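Here is the file data-v3.txt (compact mmCIF, C-alpha atoms and all ligand atoms).
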# COMPACT_ATOMS: atom_id res chain seq x y z
CA MET Y 1 -3.28 20.35 12.91
CA ARG Y 2 -3.17 21.75 9.41
CA LEU Y 3 -0.57 21.09 6.74
CA ARG Y 4 -1.33 24.57 5.46
CA SER Y 5 0.18 26.14 8.57
CA LEU Y 6 3.66 24.69 7.90
CA SER Y 7 6.31 25.82 5.45
CA TRP Y 8 7.71 23.05 3.24
CA GLU Y 9 10.98 23.23 5.19
CA GLN Y 10 9.15 22.84 8.51
CA TYR Y 11 7.20 19.87 7.18
CA GLN Y 12 10.33 18.17 5.85
CA GLU Y 13 12.11 18.57 9.17
CA LEU Y 14 9.44 16.58 11.01
CA ASP Y 15 10.14 12.92 11.45
CA ALA Y 16 7.56 10.55 10.00
CA GLU Y 17 5.73 10.06 13.31
CA ALA Y 18 5.44 13.79 13.87
CA LYS Y 19 3.87 14.22 10.42
CA ALA Y 20 0.92 11.98 11.35
CA PRO Y 21 -1.23 14.64 13.07
CA TYR Y 22 -0.97 16.79 9.94
CA LEU Y 23 -2.23 13.95 7.76
CA MET Y 24 -4.99 12.56 9.99
CA ASP Y 25 -8.14 14.13 11.34
CA ASN Y 26 -10.04 12.28 14.03
CA GLY Y 27 -8.65 8.92 12.88
CA ARG Y 28 -9.45 9.62 9.23
CA PRO Y 29 -6.73 10.23 6.63
CA GLN Y 30 -6.80 13.67 5.00
CA HIS Y 31 -4.20 12.40 2.57
CA VAL Y 32 -2.60 8.95 2.32
CA LEU Y 33 1.12 9.71 2.04
CA ILE Y 34 3.22 7.61 4.42
CA PRO Y 35 2.61 4.37 6.34
CA GLN Y 36 3.57 6.02 9.65
CA GLN Y 37 0.30 7.95 9.64
CA PHE Y 38 -1.54 4.71 10.49
CA ARG Y 39 -1.30 3.24 13.97
CA ARG Y 40 -2.98 0.15 15.36
CA ALA Y 41 -6.38 1.73 16.07
CA GLU Y 42 -6.58 3.21 12.57
CA LEU Y 43 -5.52 -0.05 10.95
CA ASP Y 44 -8.10 -2.07 12.88
CA ASN Y 45 -10.75 0.42 11.92
CA LEU Y 46 -9.76 0.40 8.27
CA CYS Y 47 -9.77 -3.41 8.08
CA ALA Y 48 -13.24 -3.54 9.65
CA LEU Y 49 -14.52 -0.95 7.19
CA ALA Y 50 -12.98 -2.81 4.22
CA THR Y 51 -14.81 -5.99 5.28
CA GLU Y 52 -18.12 -4.15 5.67
CA ILE Y 53 -17.72 -2.57 2.22
CA ARG Y 54 -16.83 -5.95 0.73
CA ARG Y 55 -19.94 -7.56 2.19
CA THR Y 56 -22.17 -4.62 1.27
CA ALA Y 57 -20.93 -4.55 -2.35
CA LYS Y 58 -21.91 -8.20 -2.83
CA ILE Y 59 -25.61 -7.41 -2.46
CA ARG Y 60 -27.35 -5.60 -5.32
CA ALA Y 61 -29.04 -3.00 -3.08
CA GLY Y 62 -25.79 -2.56 -1.16
CA ALA Y 63 -23.81 -2.02 -4.36
CA ASP Y 64 -26.39 0.55 -5.49
CA PHE Y 65 -26.15 2.31 -2.14
CA LEU Y 66 -22.33 2.42 -2.28
CA GLY Y 67 -22.43 3.59 -5.89
CA ASN Y 68 -24.20 6.76 -4.83
CA VAL Y 69 -22.14 7.62 -1.79
CA LEU Y 70 -19.60 9.72 -3.71
CA SER Y 71 -21.31 10.12 -7.08
CA HIS Y 72 -20.80 13.89 -6.80
CA LYS Y 73 -16.98 13.52 -6.67
CA ARG Y 74 -14.28 13.08 -9.32
CA ALA Y 75 -10.84 11.46 -8.95
CA MET Y 76 -7.71 11.96 -11.04
CA LEU Y 77 -5.34 9.04 -11.52
CA TYR Y 78 -1.90 10.47 -12.24
CA PHE Y 79 0.39 7.50 -12.85
CA THR Y 80 3.69 8.33 -14.51
CA GLN Y 81 5.21 4.96 -13.54
CA PRO Y 82 3.98 1.63 -14.87
CA SER Y 83 1.15 0.02 -12.93
CA THR Y 84 -1.53 -2.58 -13.47
CA ARG Y 85 -2.97 -3.55 -10.09
CA THR Y 86 -2.53 -0.33 -8.17
CA PHE Y 87 -4.04 1.70 -11.01
CA LEU Y 88 -6.96 -0.63 -11.67
CA SER Y 89 -7.79 -1.30 -8.03
CA HIS Y 90 -7.90 2.43 -7.29
CA GLN Y 91 -10.07 2.92 -10.35
CA ALA Y 92 -12.34 0.06 -9.28
CA ALA Y 93 -12.50 1.55 -5.76
CA CYS Y 94 -13.67 4.85 -7.28
CA LEU Y 95 -16.31 2.99 -9.32
CA ILE Y 96 -17.59 1.16 -6.23
CA LEU Y 97 -18.24 4.50 -4.51
CA GLY Y 98 -19.54 6.21 -7.65
CA LEU Y 99 -16.61 8.61 -8.18
CA LYS Y 100 -15.92 9.48 -11.80
CA THR Y 101 -12.28 9.18 -12.86
CA GLY Y 102 -9.85 10.87 -15.22
CA GLU Y 103 -6.26 9.84 -15.90
CA VAL Y 104 -2.82 10.88 -17.08
CA ARG Y 105 -0.45 7.94 -17.44
CA ASP Y 106 2.13 9.39 -19.75
CA THR Y 107 3.47 12.91 -19.37
CA ALA Y 108 4.20 12.90 -23.12
CA THR Y 109 0.46 13.45 -23.55
CA SER Y 110 0.20 16.27 -20.99
CA SER Y 111 1.58 19.80 -20.91
CA GLU Y 112 4.57 18.61 -18.88
CA ILE Y 113 6.11 17.94 -22.30
CA LYS Y 114 5.75 21.67 -23.01
CA GLY Y 115 7.76 22.41 -19.89
CA GLU Y 116 4.93 22.81 -17.37
CA SER Y 117 6.14 22.02 -13.86
CA ARG Y 118 4.62 19.12 -11.95
CA GLU Y 119 3.43 21.58 -9.33
CA ASP Y 120 1.41 23.44 -11.97
CA SER Y 121 0.13 20.17 -13.45
CA VAL Y 122 -1.11 19.01 -10.07
CA ARG Y 123 -2.72 22.38 -9.36
CA THR Y 124 -4.47 22.05 -12.70
CA PHE Y 125 -5.82 18.61 -11.76
CA SER Y 126 -7.08 20.06 -8.50
CA SER Y 127 -9.20 22.57 -10.44
CA TYR Y 128 -11.16 19.80 -12.13
CA PHE Y 129 -11.04 16.93 -9.62
CA ASP Y 130 -11.68 16.29 -5.92
CA LEU Y 131 -8.98 13.67 -5.29
CA ILE Y 132 -5.59 12.90 -6.85
CA ILE Y 133 -4.22 9.36 -6.77
CA MET Y 134 -0.61 9.45 -7.92
CA ARG Y 135 2.36 7.20 -8.58
CA SER Y 136 5.77 8.57 -9.37
CA LYS Y 137 9.35 7.37 -9.49
CA GLU Y 138 10.32 10.43 -7.51
CA ARG Y 139 10.78 9.87 -3.81
CA GLY Y 140 8.52 12.09 -1.65
CA LEU Y 141 6.65 13.64 -4.60
CA ALA Y 142 3.17 12.85 -3.25
CA GLU Y 143 4.06 14.57 0.04
CA ARG Y 144 5.41 17.58 -1.80
CA MET Y 145 2.24 17.85 -3.92
CA ALA Y 146 -0.03 17.53 -0.89
CA TRP Y 147 1.85 20.41 0.70
CA VAL Y 148 1.74 22.50 -2.51
CA LEU Y 149 -2.04 22.01 -2.71
CA SER Y 150 -2.45 22.80 0.99
CA GLN Y 151 -1.22 26.31 0.18
CA SER Y 152 -3.70 26.71 -2.70
CA GLU Y 153 -7.38 27.58 -2.81
CA ARG Y 154 -8.28 23.93 -3.57
CA PRO Y 155 -6.39 21.78 -1.06
CA ILE Y 156 -7.78 18.44 -2.28
CA PRO Y 157 -6.59 15.09 -0.87
CA ILE Y 158 -3.74 13.06 -2.37
CA ILE Y 159 -3.26 9.31 -2.24
CA ASN Y 160 0.31 8.12 -2.70
CA ALA Y 161 0.10 5.04 -4.94
CA GLY Y 162 3.88 4.49 -4.81
CA SER Y 163 6.66 7.07 -4.68
CA GLY Y 164 10.25 6.31 -5.50
CA HIS Y 165 11.53 3.08 -4.04
CA ASP Y 166 10.78 4.10 -0.51
CA GLN Y 167 7.02 4.30 0.09
CA HIS Y 168 3.87 2.44 -0.95
CA PRO Y 169 1.41 3.07 1.89
CA THR Y 170 -1.79 1.74 0.28
CA GLN Y 171 -0.03 -1.54 -0.59
CA ALA Y 172 1.15 -1.82 3.02
CA VAL Y 173 -2.39 -1.35 4.31
CA LEU Y 174 -3.77 -3.97 1.92
CA ASP Y 175 -1.01 -6.34 3.00
CA ILE Y 176 -2.02 -5.78 6.62
CA TYR Y 177 -5.64 -6.51 5.68
CA THR Y 178 -4.55 -9.72 3.94
CA LEU Y 179 -2.48 -10.83 6.94
CA GLN Y 180 -5.31 -10.01 9.31
CA ARG Y 181 -7.85 -11.97 7.26
CA SER Y 182 -5.42 -14.89 6.95
CA PHE Y 183 -4.84 -15.07 10.71
CA GLU Y 184 -8.37 -14.10 11.73
CA THR Y 185 -9.09 -17.32 13.59
CA ARG Y 186 -5.56 -17.58 15.01
CA GLY Y 187 -5.21 -14.43 17.07
CA GLY Y 188 -4.57 -11.97 14.23
CA ILE Y 189 -1.16 -10.55 13.33
CA ASP Y 190 0.13 -10.32 16.92
CA GLY Y 191 2.84 -12.89 17.64
CA LYS Y 192 3.32 -13.91 14.01
CA ARG Y 193 6.54 -14.26 12.07
CA ILE Y 194 6.71 -12.54 8.68
CA VAL Y 195 9.61 -13.38 6.35
CA PHE Y 196 10.42 -11.00 3.49
CA VAL Y 197 12.35 -12.42 0.56
CA GLY Y 198 14.02 -10.97 -2.54
CA ASP Y 199 14.97 -7.41 -3.43
CA LEU Y 200 14.41 -5.77 -0.07
CA ALA Y 201 16.71 -2.85 -0.77
CA ARG Y 202 14.48 -1.41 -3.47
CA GLY Y 203 11.11 -3.01 -2.78
CA ARG Y 204 8.96 -0.18 -1.48
CA THR Y 205 6.15 -2.56 -0.51
CA VAL Y 206 8.49 -4.34 1.92
CA ARG Y 207 9.69 -1.09 3.47
CA SER Y 208 6.16 0.20 3.98
CA LEU Y 209 4.77 -3.10 5.32
CA ALA Y 210 7.71 -3.56 7.74
CA THR Y 211 6.91 -0.08 9.04
CA LEU Y 212 3.25 -0.95 9.65
CA LEU Y 213 4.13 -4.25 11.34
CA THR Y 214 5.71 -2.27 14.19
CA ASN Y 215 2.12 -1.57 15.33
CA TYR Y 216 1.55 -5.23 16.29
CA LYS Y 217 2.57 -7.08 19.45
CA ASP Y 218 5.37 -9.67 19.49
CA VAL Y 219 5.75 -9.75 15.73
CA SER Y 220 9.05 -11.11 14.46
CA ILE Y 221 10.41 -10.23 11.03
CA GLY Y 222 12.95 -12.07 8.86
CA PHE Y 223 14.71 -10.32 5.98
CA VAL Y 224 16.10 -12.91 3.58
CA ALA Y 225 18.06 -11.60 0.60
CA PRO Y 226 21.45 -11.58 -1.09
CA ASP Y 227 23.73 -9.07 0.66
CA SER Y 228 23.43 -6.40 -2.02
CA PHE Y 229 19.60 -6.55 -1.87
CA GLN Y 230 19.26 -6.46 1.93
CA ILE Y 231 16.85 -4.16 3.74
CA GLY Y 232 18.00 -0.56 4.29
CA PRO Y 233 19.56 0.74 7.53
CA ASP Y 234 16.65 3.15 8.11
CA ILE Y 235 14.18 0.26 8.47
CA ILE Y 236 16.60 -1.61 10.76
CA GLU Y 237 16.88 1.53 12.88
CA LEU Y 238 13.08 1.91 13.01
CA LEU Y 239 12.59 -1.72 14.12
CA ARG Y 240 15.27 -1.32 16.82
CA SER Y 241 13.72 1.86 18.13
CA ARG Y 242 10.30 0.21 18.31
CA GLY Y 243 11.70 -2.93 19.95
CA VAL Y 244 10.57 -5.24 17.12
CA ARG Y 245 12.40 -8.59 16.86
CA PHE Y 246 14.05 -9.10 13.48
CA ASP Y 247 16.88 -11.00 11.81
CA VAL Y 248 18.74 -10.60 8.56
CA SER Y 249 20.05 -13.58 6.58
CA ALA Y 250 20.77 -15.03 3.17
CA ASP Y 251 19.49 -18.52 4.01
CA PHE Y 252 16.07 -18.91 2.40
CA GLU Y 253 15.59 -22.60 3.21
CA ALA Y 254 16.30 -22.10 6.90
CA ALA Y 255 13.81 -19.25 7.07
CA LEU Y 256 10.82 -21.25 5.82
CA PRO Y 257 9.81 -23.65 8.63
CA ASP Y 258 8.86 -21.08 11.27
CA ALA Y 259 7.35 -18.43 8.97
CA ASP Y 260 3.64 -17.62 9.32
CA ALA Y 261 3.82 -15.51 6.16
CA VAL Y 262 6.42 -15.59 3.40
CA TYR Y 263 6.38 -12.32 1.46
CA MET Y 264 8.11 -12.83 -1.89
CA THR Y 265 9.30 -9.97 -4.15
CA ARG Y 266 10.83 -9.61 -7.59
CA VAL Y 267 14.14 -7.97 -8.50
CA GLN Y 268 13.42 -4.25 -8.94
CA ASP Y 269 15.86 -3.77 -11.82
CA GLU Y 270 14.15 -0.62 -13.09
CA TRP Y 271 16.12 1.14 -10.34
CA ASP Y 272 19.51 -0.09 -11.60
CA THR Y 273 21.96 2.77 -11.91
CA GLU Y 274 24.20 0.93 -14.36
CA THR Y 275 22.95 -1.48 -16.94
CA GLY Y 276 22.80 -5.05 -15.81
CA GLN Y 277 23.68 -4.33 -12.17
CA SER Y 278 20.94 -6.67 -10.97
CA ALA Y 279 21.92 -9.35 -13.44
CA ARG Y 280 25.15 -9.82 -11.49
CA VAL Y 281 23.30 -10.83 -8.34
CA ASP Y 282 22.28 -14.48 -8.17
CA VAL Y 283 18.71 -14.54 -6.89
CA SER Y 284 17.92 -18.11 -7.92
CA LYS Y 285 18.44 -19.29 -4.33
CA PHE Y 286 15.61 -16.96 -3.30
CA HIS Y 287 12.93 -18.51 -5.51
CA LEU Y 288 10.14 -20.53 -3.95
CA ARG Y 289 10.09 -24.04 -5.40
CA PRO Y 290 7.30 -26.61 -5.16
CA ASP Y 291 9.56 -28.70 -2.91
CA ASP Y 292 9.88 -25.82 -0.44
CA LEU Y 293 6.16 -26.04 0.32
CA LYS Y 294 6.88 -29.16 2.41
CA ARG Y 295 9.16 -27.10 4.62
CA MET Y 296 6.45 -24.51 5.35
CA LYS Y 297 3.82 -24.63 8.08
CA PRO Y 298 0.48 -25.93 6.79
CA THR Y 299 -1.10 -22.72 8.10
CA ALA Y 300 1.44 -20.31 6.57
CA VAL Y 301 0.51 -17.91 3.77
CA ILE Y 302 2.51 -16.97 0.69
CA MET Y 303 2.22 -13.35 -0.35
CA HIS Y 304 3.59 -11.27 -3.23
CA PRO Y 305 2.73 -7.68 -4.21
CA LEU Y 306 2.94 -8.76 -7.87
CA PRO Y 307 4.02 -8.57 -10.65
CA ARG Y 308 6.01 -11.77 -10.24
CA ARG Y 309 8.75 -13.25 -12.34
CA GLU Y 310 10.42 -16.56 -11.56
CA GLU Y 311 10.28 -16.23 -7.78
CA ILE Y 312 6.97 -18.12 -7.57
CA PRO Y 313 6.17 -20.67 -10.30
CA GLU Y 314 2.54 -20.83 -11.44
CA SER Y 315 2.21 -24.39 -10.15
CA ILE Y 316 2.31 -22.97 -6.60
CA ASP Y 317 -0.85 -20.91 -7.31
CA ARG Y 318 -2.93 -24.00 -6.61
CA ASP Y 319 -1.54 -24.47 -3.11
CA PRO Y 320 -4.13 -23.30 -0.55
CA ARG Y 321 -1.43 -21.19 1.12
CA ALA Y 322 -0.94 -19.06 -2.02
CA MET Y 323 -2.57 -15.79 -1.01
CA TYR Y 324 -1.32 -13.36 -3.67
CA TRP Y 325 -4.42 -13.32 -5.89
CA ARG Y 326 -6.67 -12.69 -2.91
CA GLN Y 327 -4.15 -10.14 -1.64
CA MET Y 328 -4.52 -8.26 -4.92
CA ARG Y 329 -8.30 -8.24 -4.65
CA ASN Y 330 -8.10 -7.10 -1.03
CA GLY Y 331 -6.38 -4.00 -2.42
CA MET Y 332 -9.61 -2.90 -4.03
CA TRP Y 333 -11.57 -3.14 -0.78
CA VAL Y 334 -8.93 -1.41 1.31
CA ARG Y 335 -8.57 1.42 -1.21
CA THR Y 336 -12.34 1.82 -1.25
CA ALA Y 337 -12.25 2.07 2.55
CA LEU Y 338 -9.47 4.69 2.43
CA ILE Y 339 -11.38 6.83 -0.07
CA ALA Y 340 -14.55 6.53 2.03
CA GLN Y 341 -12.65 7.75 5.09
CA ILE Y 342 -10.99 10.60 3.22
CA PHE Y 343 -14.42 11.89 2.19
CA ASN Y 344 -15.91 11.22 5.60
CA VAL Y 345 -18.62 8.84 4.38
CA ASP Y 346 -17.35 5.83 6.34
CA GLU Y 347 -19.92 6.28 9.12
CA ASP Y 348 -22.78 6.31 6.56
CA ILE Y 349 -21.47 3.07 5.11
CA ARG Y 350 -21.10 1.46 8.52
CA SER Y 351 -24.59 2.43 9.50
CA TYR Y 352 -26.01 1.02 6.22
CA PHE Y 353 -24.07 -2.17 6.91
CA ARG Y 354 -25.50 -2.46 10.45
CA GLN Y 355 -29.05 -1.91 9.25
CA HIS Y 356 -29.14 -3.84 5.98
CA VAL Y 357 -26.22 -6.23 5.62
CA ARG Y 358 -25.07 -7.65 8.96
CA GLY Y 359 -26.73 -11.00 9.49
CA TYR Y 360 -27.86 -11.13 5.87
C1 LIG D 401 4.85 -3.06 -6.53
C2 LIG D 401 5.32 -1.65 -6.81
O1 LIG D 401 5.03 -1.08 -7.85
O2 LIG D 401 5.98 -1.15 -5.92
N1 LIG D 401 3.73 -3.47 -7.23
C3 LIG D 401 2.51 -3.13 -6.76
O3 LIG D 401 2.20 -1.99 -6.51
N2 LIG D 401 1.66 -4.16 -6.53
C4 LIG D 401 5.91 -4.05 -6.53
C5 LIG D 401 6.65 -4.31 -7.81
O4 LIG D 401 6.47 -3.65 -8.82
O5 LIG D 401 7.46 -5.24 -7.76

Turn the structure described in the file into structure tokens.
Ligand code: NCD
Amino acid sequence: MRLRSLSWEQYQELDAEAKAPYLMDNGRPQHVLIPQQFRRAELDNLCALATEIRRTAKIRAGADFLGNVLSHKRAMLYFTQPSTRTFLSHQAACLILGLKTGEVRDTATSSEIKGESREDSVRTFSSYFDLIIMRSKERGLAERMAWVLSQSERPIPIINAGSGHDQHPTQAVLDIYTLQRSFETRGGIDGKRIVFVGDLARGRTVRSLATLLTNYKDVSIGFVAPDSFQIGPDIIELLRSRGVRFDVSADFEAALPDADAVYMTRVQDEWDTETGQSARVDVSKFHLRPDDLKRMKPTAVIMHPLPRREEIPESIDRDPRAMYWRQMRNGMWVRTALIAQIFNVDEDIRSYFRQHVRGY
């Protein structure tokens, strides 16, 4: 099914699940826009590919092979919202596959300051580049741009690297990869309990990961936050409709002992509508303290999309359950896998892996 064949109004009327066939082709993403486009089979496939890329890249000949796979392609990083990890890991993913990159990080340096619309800016990028990776504070902008390009003569792929406070699909996929690697020898993600903590109302990583977790069997989810930062009703509705067990509470200590993963987040005060709104919410009870580690399972993992503030002190970094630095690095491998699938070179990589790397 082709995005091109729909009007913008028709596309917008589809619910997220119904959009999937327009964004996927034979299990491969055409664009990466929303977490709902990935189901269990696609996630398993993506995680396997990320691992094969990771192992291939560690060998000199493998790295050289990967570095030529997309050396004829160029990617544009269009990040008008602050970013360290998401920007750099996408850039590193492009480097691994040999794509050349260009960037706009500040619209004050582009013609948007002269009044050019974002639609025209993105169409301009598509004239010079073969992929756009974009982050914006505007909800749904990546989807809108993918549709705009679908109507043009150069309908190039778009990766949503965070849009508004609702979606962050590539982060959700890397979080799934991190969970899967962490539970590899213990039956994978099925049957595990994931506890989200902090600003769940405005944390797009939480919303996107909770959506992806509905693809796993017998998962249970805890949302632990002060009332005004609790998870949105749309996610609650989604979990209900998919029959996923979940609970909502403000008791952090009580949530720790049975968690298999504790997913910490910072206060997202850049979304405050009035100054200091967040400052009036006491989040200190939702910080992980060294003493809390005793309450956690020895096999549990601590995750955080980063950047962090006070919610995880640096002293916890040394605990073997602290997974956030590895989680961040996993992002590079997963994003490399996504780009490989978008350009349909994943089978070449898998076949190189089978011939030259497996068993090495
Ligand atoms: C997150 C984001 O920007 O949504 N960071 C990230 O991409 N790793 C979370 C955050 O900024 O708190």

May I ask you to write as a PyMOL selection string all residues lying at most 8 Å from ligand LIG 401 (chain D), with all atoms listed in the file counted?
-> chain Y and resi 82-86+161-162+165+168+171+203-205+265-268+305-308+328

Spatial neighbours of stretch 340-356 of chain Y, max dist 6 Å, only C-alpha atoms, sep filter under 6 positions, as a PyMOL selection string | chain Y and resi 28-30

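For the pair atom CA of Y:Asp120 and atom CA of Y:Arg144, the separation is 12.4 Å.
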
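Comparing the minimum interatomic distances between Y:Trp333 and each of Y:Thr178, Y:Gln37, Y:Ser71, Y:Thr214, counting only C-alpha atoms, we find that Y:Thr178 sits nearest.
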
Contact residues around Y:Ala92 with only C-alpha atoms at 10 Å, ignoring same-chain residues under 3 positions, as a list in words = Thr86, Phe87, Leu88, Ser89, Leu95, Ile96, Leu97, Gly98, Leu99, Thr101, Gly331, Met332, Trp333, Arg335 and Thr336 of chain Y

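Here atom CA of Y:Leu209 and atom CA of Y:Val195 stand 11.4 Å from one another.
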
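In this structure, atom CA of Y:Arg202 sits 7.4 Å away from atom CA of Y:Phe229.
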
Skip Y:Arg74 itself and residues of its chain fewer than 2 positions away, then list as a VMD selection string all residues within 10 Å of it, counting all atoms listed in the file.
-> chain Y and resid 70 to 72 76 94 98 to 102 128 to 132

Can you find the residues with an atom no farther than 10 Å from (0.9, 20.0, -2.2), counting all atoms listed in the file, and report them as a PyMOL selection string?
-> chain Y and resi 3-4+8+119+122-123+141-152+155-158

Extract, using only C-alpha atoms, all DNA, RNA and protein residues at most 12 Å from Y:Arg181, discarding same-chain residues fewer than 3 positions from it, and format them as JSON, numbers by chain.
-> {"Y": [44, 47, 48, 50, 51, 174, 175, 176, 177, 178, 184, 185, 186, 187, 188, 189, 301, 323, 326, 327, 330]}

Any chance you could export the current selection's C-alpha atoms as a CSV table (one decimal), keeping the file's coordinate frame?
chain,number,residue,atom,x,y,z
Y,44,ASP,CA,-8.1,-2.1,12.9
Y,47,CYS,CA,-9.8,-3.4,8.1
Y,48,ALA,CA,-13.2,-3.5,9.6
Y,50,ALA,CA,-13.0,-2.8,4.2
Y,51,THR,CA,-14.8,-6.0,5.3
Y,174,LEU,CA,-3.8,-4.0,1.9
Y,175,ASP,CA,-1.0,-6.3,3.0
Y,176,ILE,CA,-2.0,-5.8,6.6
Y,177,TYR,CA,-5.6,-6.5,5.7
Y,178,THR,CA,-4.6,-9.7,3.9
Y,184,GLU,CA,-8.4,-14.1,11.7
Y,185,THR,CA,-9.1,-17.3,13.6
Y,186,ARG,CA,-5.6,-17.6,15.0
Y,187,GLY,CA,-5.2,-14.4,17.1
Y,188,GLY,CA,-4.6,-12.0,14.2
Y,189,ILE,CA,-1.2,-10.6,13.3
Y,301,VAL,CA,0.5,-17.9,3.8
Y,323,MET,CA,-2.6,-15.8,-1.0
Y,326,ARG,CA,-6.7,-12.7,-2.9
Y,327,GLN,CA,-4.2,-10.1,-1.6
Y,330,ASN,CA,-8.1,-7.1,-1.0

Give me the residues within 12 Å of stretch 256-261 of chain Y as a PyMOL selection string, counting only C-alpha atoms and dropping any in the same chain fewer than 5 places off.
-> chain Y and resi 175-176+178-180+182-183+186+188-197+219-224+251+286-289+291-304+321-324

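Distance annotation: of Y:Ala201, Y:Leu239, Y:Ile312, Y:Ala108, the residue with the minimal separation from Y:Asp227 is Y:Ala201; atom set is all atoms listed in the file.
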
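Proximity ranking of Y:Val262, Y:Leu33, Y:Val248, Y:Ala61 relative to Y:Met134 places Y:Leu33 first, based on all atoms listed in the file.
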
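Of the listed residues Y:Gly62, Y:Val32, Y:Asn160, Y:Lys73, the one whose atoms come nearest to Y:Arg139 is Y:Asn160, with distances taken using all atoms listed in the file.
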